[in-house]
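Asks: Below is entry.cif; it holds mmCIF, C-alpha atoms.
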data_work
loop_
_atom_site.label_atom_id
_atom_site.label_comp_id
_atom_site.auth_asym_id
_atom_site.auth_seq_id
_atom_site.Cartn_x
_atom_site.Cartn_y
_atom_site.Cartn_z
CA MET A 1 -14.90 -52.76 -11.12
CA ALA A 2 -13.04 -49.46 -11.39
CA SER A 3 -15.08 -46.40 -12.29
CA ASN A 4 -14.10 -44.03 -15.09
CA ARG A 5 -15.93 -41.22 -13.35
CA PRO A 6 -13.52 -38.49 -12.15
CA TYR A 7 -13.22 -37.63 -8.48
CA LEU A 8 -15.20 -34.48 -7.80
CA PRO A 9 -14.64 -32.64 -4.52
CA LYS A 10 -17.40 -31.37 -2.28
CA LEU A 11 -18.21 -27.71 -2.89
CA ILE A 12 -19.60 -24.89 -0.77
CA ALA A 13 -21.88 -22.35 -2.43
CA THR A 14 -23.79 -19.22 -1.53
CA SER A 15 -26.89 -17.92 -3.27
CA VAL A 16 -28.84 -14.70 -3.60
CA VAL A 17 -32.55 -14.33 -4.35
CA ARG A 18 -33.58 -11.52 -6.67
CA GLY A 19 -36.92 -9.79 -6.13
CA SER A 20 -37.58 -11.39 -2.73
CA GLY A 21 -39.56 -9.43 -0.16
CA GLN A 22 -39.67 -8.97 3.57
CA GLY A 23 -40.05 -12.34 5.29
CA ASP A 24 -38.85 -14.33 2.27
CA SER A 25 -35.60 -16.24 2.02
CA HIS A 26 -32.79 -14.22 0.47
CA GLY A 27 -30.47 -17.13 -0.27
CA GLY A 28 -28.19 -19.19 1.89
CA ILE A 29 -25.15 -21.41 2.27
CA PHE A 30 -25.01 -24.91 0.79
CA THR A 31 -22.59 -27.79 0.51
CA VAL A 32 -22.85 -29.94 -2.60
CA ASP A 33 -21.84 -33.60 -2.91
CA PHE A 34 -21.44 -34.48 -6.58
CA ASP A 35 -20.91 -38.18 -5.96
CA ARG A 36 -24.44 -38.36 -4.51
CA ARG A 37 -25.72 -35.44 -6.57
CA GLU A 38 -27.08 -33.90 -3.39
CA ALA A 39 -27.07 -30.41 -1.90
CA PHE A 40 -27.62 -29.54 1.76
CA GLN A 41 -28.60 -26.08 2.95
CA HIS A 42 -26.84 -25.03 6.15
CA VAL A 43 -27.97 -21.39 6.39
CA ASP A 44 -31.17 -19.72 5.21
CA TRP A 45 -30.34 -16.02 4.98
CA ASN A 46 -33.21 -13.82 6.15
CA THR A 47 -32.58 -10.69 8.20
CA SER A 48 -34.76 -7.73 9.12
CA ASP A 49 -32.20 -5.08 8.10
CA ILE A 50 -31.89 -5.99 4.41
CA ASP A 51 -32.26 -3.14 1.91
CA PHE A 52 -35.05 -4.12 -0.50
CA THR A 53 -34.40 -1.50 -3.19
CA GLY A 54 -33.37 -2.75 -6.60
CA ARG A 55 -31.76 -5.83 -8.14
CA GLY A 56 -30.07 -8.48 -5.99
CA TRP A 57 -28.21 -5.82 -4.00
CA ASP A 58 -28.33 -6.65 -0.30
CA ARG A 59 -30.11 -9.96 -0.65
CA GLY A 60 -28.18 -13.12 0.03
CA LEU A 61 -24.59 -14.10 0.73
CA ARG A 62 -21.63 -13.62 -1.57
CA GLY A 63 -17.92 -14.48 -1.72
CA ILE A 64 -16.37 -17.32 0.31
CA GLU A 65 -12.90 -17.86 1.79
CA PHE A 66 -11.26 -19.92 4.55
CA HIS A 67 -8.75 -19.12 7.29
CA ASN A 68 -7.58 -20.97 10.40
CA GLY A 69 -10.38 -23.53 10.21
CA GLU A 70 -13.10 -20.92 9.83
CA ILE A 71 -15.31 -19.81 6.93
CA TYR A 72 -15.40 -16.16 5.83
CA ILE A 73 -18.50 -15.17 3.87
CA ALA A 74 -19.38 -11.69 2.66
CA ALA A 75 -22.84 -10.20 2.66
CA SER A 76 -23.47 -6.88 0.96
CA ASP A 77 -21.91 -4.69 3.65
CA GLU A 78 -20.68 -7.11 6.30
CA LEU A 79 -18.02 -9.82 6.55
CA PHE A 80 -19.19 -12.86 8.55
CA VAL A 81 -17.04 -15.53 10.17
CA TYR A 82 -18.61 -18.98 10.57
CA ASP A 83 -17.33 -22.09 12.27
CA GLN A 84 -17.49 -25.43 10.46
CA ASP A 85 -20.99 -26.02 11.89
CA PHE A 86 -22.08 -22.78 10.20
CA GLN A 87 -22.60 -20.85 13.41
CA ILE A 88 -21.66 -17.16 13.24
CA GLN A 89 -18.66 -16.41 15.44
CA ARG A 90 -18.18 -12.71 14.70
CA SER A 91 -18.63 -10.17 11.94
CA PHE A 92 -17.06 -6.95 10.65
CA ARG A 93 -18.55 -3.86 9.02
CA ASN A 94 -16.98 -0.96 7.20
CA PRO A 95 -18.59 2.21 5.79
CA TYR A 96 -16.84 1.62 2.44
CA LEU A 97 -18.02 -1.97 2.04
CA LYS A 98 -21.22 -1.96 0.00
CA HIS A 99 -22.71 -4.46 -2.43
CA CYS A 100 -19.69 -6.72 -1.93
CA HIS A 101 -19.39 -9.53 -4.47
CA GLU A 102 -16.33 -11.80 -4.50
CA ILE A 103 -13.50 -12.07 -1.96
CA CYS A 104 -10.04 -13.66 -2.16
CA LYS A 105 -7.38 -14.51 0.43
CA LYS A 106 -3.62 -14.21 0.09
CA ASP A 107 -1.55 -15.11 3.17
CA ASN A 108 -3.07 -13.08 6.04
CA LEU A 109 -4.89 -10.60 3.82
CA LEU A 110 -8.45 -10.81 2.54
CA PHE A 111 -9.36 -8.79 -0.55
CA LEU A 112 -13.02 -7.77 -0.93
CA THR A 113 -14.73 -6.13 -3.91
CA SER A 114 -16.75 -3.12 -2.76
CA THR A 115 -18.96 -2.80 -5.80
CA GLY A 116 -20.79 0.29 -4.57
CA TYR A 117 -17.57 2.26 -4.15
CA ASP A 118 -15.59 1.00 -7.19
CA SER A 119 -13.04 -0.21 -4.67
CA ILE A 120 -11.19 -3.17 -3.28
CA LEU A 121 -10.90 -3.32 0.49
CA VAL A 122 -8.06 -5.19 2.21
CA PHE A 123 -8.87 -6.89 5.52
CA ASN A 124 -6.01 -7.97 7.79
CA LEU A 125 -6.94 -11.42 9.09
CA SER A 126 -4.35 -11.40 11.89
CA GLN A 127 -5.42 -8.03 13.29
CA GLU A 128 -9.07 -8.47 12.25
CA GLU A 129 -9.42 -4.98 10.83
CA PHE A 130 -9.86 -3.25 7.49
CA ALA A 131 -6.36 -2.04 6.65
CA ARG A 132 -6.47 -0.44 3.19
CA GLY A 133 -8.80 0.77 0.50
CA LEU A 134 -8.06 0.86 -3.24
CA TYR A 135 -10.33 3.08 -5.34
CA ILE A 136 -10.22 2.40 -9.09
CA GLU A 137 -11.37 4.77 -11.83
CA ARG A 138 -10.84 5.34 -15.50
CA GLN A 139 -10.10 8.86 -16.66
CA ARG A 140 -10.34 9.02 -20.43
CA SER A 141 -8.15 6.10 -21.53
CA GLU A 142 -6.08 5.75 -18.36
CA TRP A 143 -6.75 3.52 -15.38
CA GLN A 144 -5.94 5.14 -12.07
CA LEU A 145 -5.82 3.98 -8.46
CA GLN A 146 -6.13 5.97 -5.28
CA GLN A 147 -5.36 4.44 -1.90
CA PHE A 148 -7.45 5.48 1.10
CA ASP A 149 -7.85 4.63 4.74
CA PRO A 150 -11.11 2.63 5.07
CA CYS A 151 -11.34 3.64 8.72
CA SER A 152 -11.39 7.37 7.94
CA SER A 153 -13.97 9.66 6.37
CA ASP A 154 -11.70 10.55 3.44
CA GLY A 155 -12.70 7.69 1.15
CA PRO A 156 -14.46 7.76 -2.23
CA GLU A 157 -18.06 8.66 -2.95
CA PHE A 158 -20.67 6.00 -3.58
CA VAL A 159 -20.52 5.61 -7.38
CA ASN A 160 -20.65 2.05 -8.76
CA ASN A 161 -19.48 3.04 -12.23
CA LEU A 162 -17.45 -0.13 -12.82
CA HIS A 163 -19.57 -2.64 -10.87
CA LEU A 164 -16.48 -4.50 -9.65
CA ASN A 165 -17.49 -8.10 -9.00
CA MET A 166 -14.30 -10.16 -8.96
CA VAL A 167 -10.86 -10.16 -7.36
CA SER A 168 -8.25 -12.92 -7.71
CA VAL A 169 -4.85 -12.76 -6.04
CA GLN A 170 -2.05 -14.62 -7.80
CA ALA A 171 1.72 -14.78 -7.41
CA THR A 172 1.94 -12.26 -10.26
CA GLY A 173 -0.31 -9.71 -8.59
CA VAL A 174 -3.94 -8.83 -7.99
CA TYR A 175 -6.43 -9.26 -10.84
CA PHE A 176 -9.93 -7.79 -10.80
CA SER A 177 -12.81 -6.99 -13.12
CA GLY A 178 -16.39 -5.79 -13.27
CA LEU A 179 -19.43 -5.59 -15.49
CA HIS A 180 -18.20 -2.34 -17.01
CA THR A 181 -14.41 -2.62 -16.97
CA GLY A 182 -14.23 -4.24 -20.43
CA ALA A 183 -11.08 -6.00 -19.30
CA MET A 184 -9.48 -8.06 -16.57
CA LEU A 185 -7.22 -5.57 -14.81
CA HIS A 186 -3.88 -6.23 -13.14
CA LEU A 187 -2.62 -4.39 -10.09
CA GLY A 188 1.16 -4.45 -9.95
CA LYS A 189 3.40 -4.26 -6.90
CA ASP A 190 3.92 -0.55 -7.62
CA PHE A 191 0.11 -0.08 -7.55
CA SER A 192 -0.01 0.59 -11.28
CA ILE A 193 -3.03 -0.75 -13.20
CA SER A 194 -2.81 -2.40 -16.60
CA GLU A 195 -5.20 -4.43 -18.74
CA ALA A 196 -4.32 -8.13 -18.65
CA CYS A 197 -6.87 -9.01 -21.34
CA SER A 198 -10.14 -7.76 -22.76
CA LEU A 199 -13.50 -9.13 -21.57
CA PRO A 200 -17.03 -9.01 -22.96
CA ALA A 201 -19.34 -6.54 -21.23
CA GLY A 202 -21.30 -8.07 -18.36
CA SER A 203 -18.70 -10.72 -17.47
CA HIS A 204 -18.44 -12.26 -14.00
CA ASN A 205 -15.72 -14.18 -12.13
CA ALA A 206 -12.83 -13.50 -14.53
CA ARG A 207 -9.51 -14.92 -13.32
CA PRO A 208 -6.19 -16.07 -14.74
CA PHE A 209 -6.33 -19.81 -15.39
CA ARG A 210 -3.75 -22.07 -17.04
CA GLU A 211 -2.29 -19.94 -19.87
CA GLY A 212 -5.33 -17.72 -20.31
CA VAL A 213 -8.47 -16.42 -18.65
CA LEU A 214 -11.56 -18.18 -17.29
CA PHE A 215 -14.85 -16.31 -16.86
CA ASN A 216 -18.64 -16.37 -16.96
CA ASP A 217 -19.70 -14.72 -20.20
CA THR A 218 -22.99 -13.90 -18.55
CA LYS A 219 -24.64 -12.03 -21.42
CA SER A 220 -23.98 -14.97 -23.74
CA ASP A 221 -25.15 -17.60 -21.21
CA CYS A 222 -21.90 -19.53 -21.30
CA VAL A 223 -18.69 -20.26 -19.41
CA ARG A 224 -15.54 -19.51 -21.38
CA TYR A 225 -11.87 -20.34 -21.23
CA VAL A 226 -9.71 -18.32 -23.62
CA GLY A 227 -6.07 -19.38 -23.90
CA ARG A 228 -3.14 -17.33 -25.10
CA ASN A 229 -2.13 -20.12 -27.44
CA GLY A 230 -5.51 -21.54 -28.38
CA GLY A 231 -7.44 -24.33 -26.72
CA ASP A 232 -10.46 -22.05 -26.23
CA ARG A 233 -13.60 -23.56 -24.69
CA ALA A 234 -17.20 -22.38 -24.41
CA PHE A 235 -19.84 -24.27 -22.40
CA ARG A 236 -23.53 -23.45 -22.74
CA ILE A 237 -25.17 -22.96 -19.36
CA LYS A 238 -27.86 -25.46 -18.44
CA ARG A 239 -31.47 -24.52 -19.14
CA TYR A 240 -34.73 -26.13 -18.02
CA PRO A 241 -38.18 -26.51 -19.58
CA GLU A 242 -40.16 -23.36 -18.78
CA GLU A 243 -42.93 -25.36 -17.08
CA GLU A 244 -40.41 -26.53 -14.45
CA ILE A 245 -39.40 -22.99 -13.47
CA ARG A 246 -40.94 -21.52 -10.31
CA PHE A 247 -41.78 -17.83 -9.76
CA ALA A 248 -41.18 -16.88 -13.38
CA GLY A 249 -42.05 -13.21 -13.88
CA MET A 250 -42.14 -12.47 -10.15
CA ASP A 251 -39.00 -10.27 -10.29
CA ASP A 252 -40.28 -6.86 -11.40
CA THR A 253 -36.73 -5.76 -12.27
CA LYS A 254 -36.68 -8.39 -15.07
CA ILE A 255 -33.14 -9.31 -14.01
CA ALA A 256 -33.87 -12.88 -12.90
CA ARG A 257 -33.64 -15.22 -15.87
CA GLN A 258 -32.55 -18.69 -16.85
CA GLY A 259 -28.91 -19.26 -17.68
CA PHE A 260 -27.55 -16.29 -15.73
CA GLY A 261 -23.96 -17.44 -15.11
CA ARG A 262 -22.25 -16.40 -11.88
CA GLY A 263 -19.95 -18.30 -9.53
CA LEU A 264 -16.90 -20.09 -10.91
CA CYS A 265 -14.40 -22.42 -9.29
CA PRO A 266 -11.50 -24.35 -10.87
CA LEU A 267 -11.39 -27.87 -9.43
CA SER A 268 -8.17 -28.86 -11.19
CA ASP A 269 -6.32 -28.06 -14.39
CA ARG A 270 -9.03 -29.99 -16.22
CA PHE A 271 -12.36 -29.57 -14.39
CA ILE A 272 -14.20 -26.39 -13.45
CA ALA A 273 -17.48 -25.73 -11.63
CA GLY A 274 -19.86 -22.95 -12.65
CA GLY A 275 -23.02 -21.57 -11.07
CA SER A 276 -26.21 -20.35 -12.73
CA SER A 277 -29.88 -19.61 -12.15
CA PRO A 278 -32.17 -21.16 -11.17
CA SER A 279 -29.54 -22.18 -8.59
CA THR A 280 -27.57 -24.89 -10.36
CA ILE A 281 -23.92 -25.94 -10.14
CA THR A 282 -22.40 -27.66 -13.17
CA ILE A 283 -19.04 -29.37 -13.64
CA TYR A 284 -17.31 -28.91 -17.02
CA ASP A 285 -14.44 -30.92 -18.53
CA LEU A 286 -11.99 -28.73 -20.43
CA HIS A 287 -10.25 -31.72 -22.00
CA SER A 288 -13.35 -33.25 -23.60
CA ASN A 289 -15.24 -29.93 -23.91
CA LYS A 290 -18.26 -31.62 -22.30
CA THR A 291 -20.53 -31.13 -19.31
CA VAL A 292 -19.91 -33.76 -16.62
CA VAL A 293 -22.77 -33.36 -14.13
CA SER A 294 -25.18 -30.76 -12.72
CA VAL A 295 -26.83 -30.43 -9.31
CA ASN A 296 -29.86 -28.19 -8.85
CA LEU A 297 -30.45 -26.43 -5.51
CA SER A 298 -33.69 -24.63 -6.36
CA MET A 299 -36.03 -24.21 -9.31
CA ASP A 300 -36.95 -20.70 -8.16
CA ILE A 301 -35.81 -18.50 -11.07
CA ARG A 302 -34.97 -15.69 -8.61
CA ASN A 303 -32.48 -17.91 -6.78
CA ALA A 304 -28.96 -17.65 -8.26
CA ILE A 305 -25.59 -19.05 -7.24
CA HIS A 306 -23.07 -16.42 -6.16
CA GLY A 307 -20.00 -17.71 -4.29
CA LEU A 308 -18.50 -21.10 -5.16
CA GLU A 309 -15.44 -22.80 -3.64
CA ILE A 310 -14.01 -26.23 -2.88
CA TRP A 311 -15.00 -27.33 0.66
CA PRO A 312 -11.62 -27.75 2.41
CA TYR A 313 -12.73 -29.44 5.66
CA ALA A 314 -13.26 -33.18 6.02
#
If you convert what's in this file into structure tokens, what do you get?
Replies:
Amino acid sequence: MASNRPYLPKLIATSVVRGSGQGDSHGGIFTVDFDRREAFQHVDWNTSDIDFTGRGWDRGLRGIEFHNGEIYIAASDELFVYDQDFQIQRSFRNPYLKHCHEICKKDNLLFLTSTGYDSILVFNLSQEEFARGLYIERQRSEWQLQQFDPCSSDGPEFVNNLHLNMVSVQATGVYFSGLHTGAMLHLGKDFSISEACSLPAGSHNARPFREGVLFNDTKSDCVRYVGRNGGDRAFRIKRYPEEEIRFAGMDDTKIARQGFGRGLCPLSDRFIAGGSSPSTITIYDLHSNKTVVSVNLSMDIRNAIHGLEIWPYA
């Protein structure tokens, strides 16, 4: 008998753990099979050189991309290259890469959000080097961009005014946003910056999608699609009974909470996947405006999804 259940691809996800201490897990790398509703952890991230001061910061792994059969995953200040068995092959550091969040590939270029420096760094995948830095600031009502050499000492100061957390490269240009930008910004070919659309404060993962914008409205605990010509959607993020939550109240920063939405991945024109805490990945159907299925990776409230992509390798 034929099934009416839609085909859902396997996903790869990274997570960060807020409020974890020395010797604890700080997140990891997972693949998620929605047909079996199973998740498998390939990497448990725990290093001795993690900065333990404040928020999620250096804890855990972040944005995900793929190139030439390999997996590129960003930590706070280092870009790691894994093979398909999740063994580290090499890694790259840069003094202007700090508190990196999402990354995005276009041709042979990898764009990385450097949250700590209000910048986007461009990494040349062919030459395996950081090739360009783009520092973004707002002076009064005008957005401005300054290019800098990420291999020199003439770059920007550590500021984190905008908390840039997302970059998406489309045929129409580079789009990016942060907790404090108030908008999804567009970088044109002439390096001018304009506002593509407004965003609620505290948004994550904003990107152009269909005829509008898709994003995690994190403060409102929902995933939103807003279209230029209507068809808006809002999905409430999954919550659990409080008695099922582990380590509630253990994060002294009070940042870790249920329903914190971060990590977003379009699966098709119809289905999208969104991440939340405690680490859960949920599939949403834009046509029916309904939740399709959720898979939980951890009931630890400090453990939150960060990067989320379709797994491209068989």
Asks: Mind checking which residues fall within 8 Å of stretch 182-192 of chain A, counting only C-alpha atoms, ignoring those fewer than 3 positions away in the same chain, and posting them as a list in words?
Replies: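 Neighbouring residues, sequence-local ones excluded: Gln144, Leu145, Thr172, Gly173, Val174, Tyr175, Phe176, Ser177, Gly178, Leu179, Glu195, Ala196, Cys197, Ser198, Leu199, Pro200, Ala201, Ala206 and Arg207 of chain A.
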Asks: Need the shell around stretch 298-314 of chain A: protein/DNA/RNA residues with any atom at most 6 Å away, counting all atoms listed in the file. Skip same-chain ones fewer than 2 positions apart. Format as an MDAnalysis selection string?
Replies: chainID A and resid 10:18 62:64 245:247 256 262:263 265 275:279 296
Asks: Within 8 Å of stretch 208-221 of chain A, counting only C-alpha atoms, which residues show up once you throw out same-chain ones fewer than 4 positions away? Write them as an mmCIF file with C-alpha atoms, in the coordinates of the input, please.
Replies:
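Contents of the output file around23.cif:
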data_model
loop_
_atom_site.group_PDB
_atom_site.id
_atom_site.type_symbol
_atom_site.label_atom_id
_atom_site.label_comp_id
_atom_site.auth_asym_id
_atom_site.auth_seq_id
_atom_site.Cartn_x
_atom_site.Cartn_y
_atom_site.Cartn_z
ATOM 1 C CA SER A 168 -8.250 -12.920 -7.710
ATOM 2 C CA TYR A 175 -6.430 -9.260 -10.840
ATOM 3 C CA PRO A 200 -17.030 -9.010 -22.960
ATOM 4 C CA ALA A 201 -19.340 -6.540 -21.230
ATOM 5 C CA GLY A 202 -21.300 -8.070 -18.360
ATOM 6 C CA SER A 203 -18.700 -10.720 -17.470
ATOM 7 C CA HIS A 204 -18.440 -12.260 -14.000
ATOM 8 C CA TYR A 225 -11.870 -20.340 -21.230
ATOM 9 C CA VAL A 226 -9.710 -18.320 -23.620
ATOM 10 C CA GLY A 227 -6.070 -19.380 -23.900
ATOM 11 C CA ARG A 228 -3.140 -17.330 -25.100
ATOM 12 C CA ASN A 229 -2.130 -20.120 -27.440
ATOM 13 C CA ARG A 236 -23.530 -23.450 -22.740
ATOM 14 C CA ILE A 237 -25.170 -22.960 -19.360
ATOM 15 C CA GLY A 259 -28.910 -19.260 -17.680
ATOM 16 C CA PHE A 260 -27.550 -16.290 -15.730
ATOM 17 C CA GLY A 261 -23.960 -17.440 -15.110
ATOM 18 C CA ARG A 262 -22.250 -16.400 -11.880
ATOM 19 C CA GLY A 263 -19.950 -18.300 -9.530
ATOM 20 C CA LEU A 264 -16.900 -20.090 -10.910
ATOM 21 C CA ASP A 269 -6.320 -28.060 -14.390
ATOM 22 C CA GLY A 274 -19.860 -22.950 -12.650
#
Asks: What does the distance between atom CA of A:Val223 and atom CA of A:Tyr240 come to in Å, to one decimal place?
Replies: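 Value for the atom CA of A:Val223-atom CA of A:Tyr240 distance: 17.1 Å.
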Asks: Just the number, please: distance in Å from atom CA of A:Val293 to atom CA of A:Ile281, one decimal.
Replies: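 Between atom CA of A:Val293 and atom CA of A:Ile281 the gap is 8.5 Å.
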Asks: Report, in Å with one decimal, the straight-line distance from atom CA of A:Lys98 to atom CA of A:Glu78.
Replies: 8.2 Å
Asks: With distances taken over all atoms listed in the file, which of A:Phe86, A:Phe158, A:Phe148, A:Phe80 is nearest to A:Asp118?
Replies: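 Selected residue with least distance to A:Asp118: A:Phe158.
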Asks: For the provided coordinates, the residues matched by the PyMOL selection byres ((chain A and resi 92) around 9) should be stated as a PDB file with C-alpha atoms, in the frame of the given file.
Replies:
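Output (selection_2.pdb):
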ATOM      1  CA  ASP A  77     -21.910  -4.690   3.650  1.00  0.00           C
ATOM      2  CA  GLU A  78     -20.680  -7.110   6.300  1.00  0.00           C
ATOM      3  CA  LEU A  79     -18.020  -9.820   6.550  1.00  0.00           C
ATOM      4  CA  PHE A  80     -19.190 -12.860   8.550  1.00  0.00           C
ATOM      5  CA  VAL A  81     -17.040 -15.530  10.170  1.00  0.00           C
ATOM      6  CA  ARG A  90     -18.180 -12.710  14.700  1.00  0.00           C
ATOM      7  CA  SER A  91     -18.630 -10.170  11.940  1.00  0.00           C
ATOM      8  CA  ARG A  93     -18.550  -3.860   9.020  1.00  0.00           C
ATOM      9  CA  ASN A  94     -16.980  -0.960   7.200  1.00  0.00           C
ATOM     10  CA  GLU A 128      -9.070  -8.470  12.250  1.00  0.00           C
ATOM     11  CA  GLU A 129      -9.420  -4.980  10.830  1.00  0.00           C
ATOM     12  CA  PHE A 130      -9.860  -3.250   7.490  1.00  0.00           C
TER      13      PHE A 130
END
Asks: Exactly which residues make up the result of the PyMOL selection byres ((chain A and resi 99) around 6) on this file, given as a count of residues only?
Replies: 6
Asks: Using only C-alpha atoms, which residue out of A:Asn108, A:Ala75, A:Ile272, A:Val295 lies closest to A:Arg37?
Replies: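 With only C-alpha atoms as the atom set, the closest residue is A:Val295.
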Asks: So which residues touch A:Phe111 within 9 Å, counting only C-alpha atoms, skipping near sequence neighbours fewer than 2 positions away, as a PyMOL selection string?
Replies: chain A and resi 102-106+109+113+120-123+167-169
Asks: Neighbours of A:Pro6 within 12 Å (only C-alpha atoms; same-chain residues fewer than 5 positions away dropped), as an MDAnalysis selection string?
Replies: chainID A and resid 34:35 267:268 270:271 283:285 292:293
Asks: Using only C-alpha atoms for the distances, tell me which of A:Leu297, A:Pro9, A:Leu286, A:Pro95 is nearest to A:Ser153.
Replies: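 That would be A:Pro95, the residue with the smallest distance to A:Ser153.
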Asks: Each side padded by 3 Å, which centre and which edge lengths in Å (one decimal) define the axis-aligned box around the listed atoms of stretch 59-78 of chain A? Give them as lines of an AutoDock Vina configuration file.
Replies:
center_x = -18.8
center_y = -14.1
center_z = 4.3
size_x = 28.5
size_y = 24.8
size_z = 18.1
Asks: List, as a PyMOL selection string, every residue that the PyMOL selection byres ((chain A and resi 87) around 12) selects in the file provided.
Replies: chain A and resi 29+42-44+70-73+80-86+88-91
Asks: From the list A:Ala273, A:Gln127, A:Phe40, A:Pro241, which residue is nearest A:Gln258 when using only C-alpha atoms?
Replies: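 When distances to A:Gln258 are compared using only C-alpha atoms, the smallest one comes from A:Pro241.
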Asks: Which one of A:Tyr117, A:Asp154, A:Leu125, A:Lys238 sits closest to A:Glu137 if you count only C-alpha atoms?
Replies: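 Among the listed residues, A:Tyr117 lies closest to A:Glu137.
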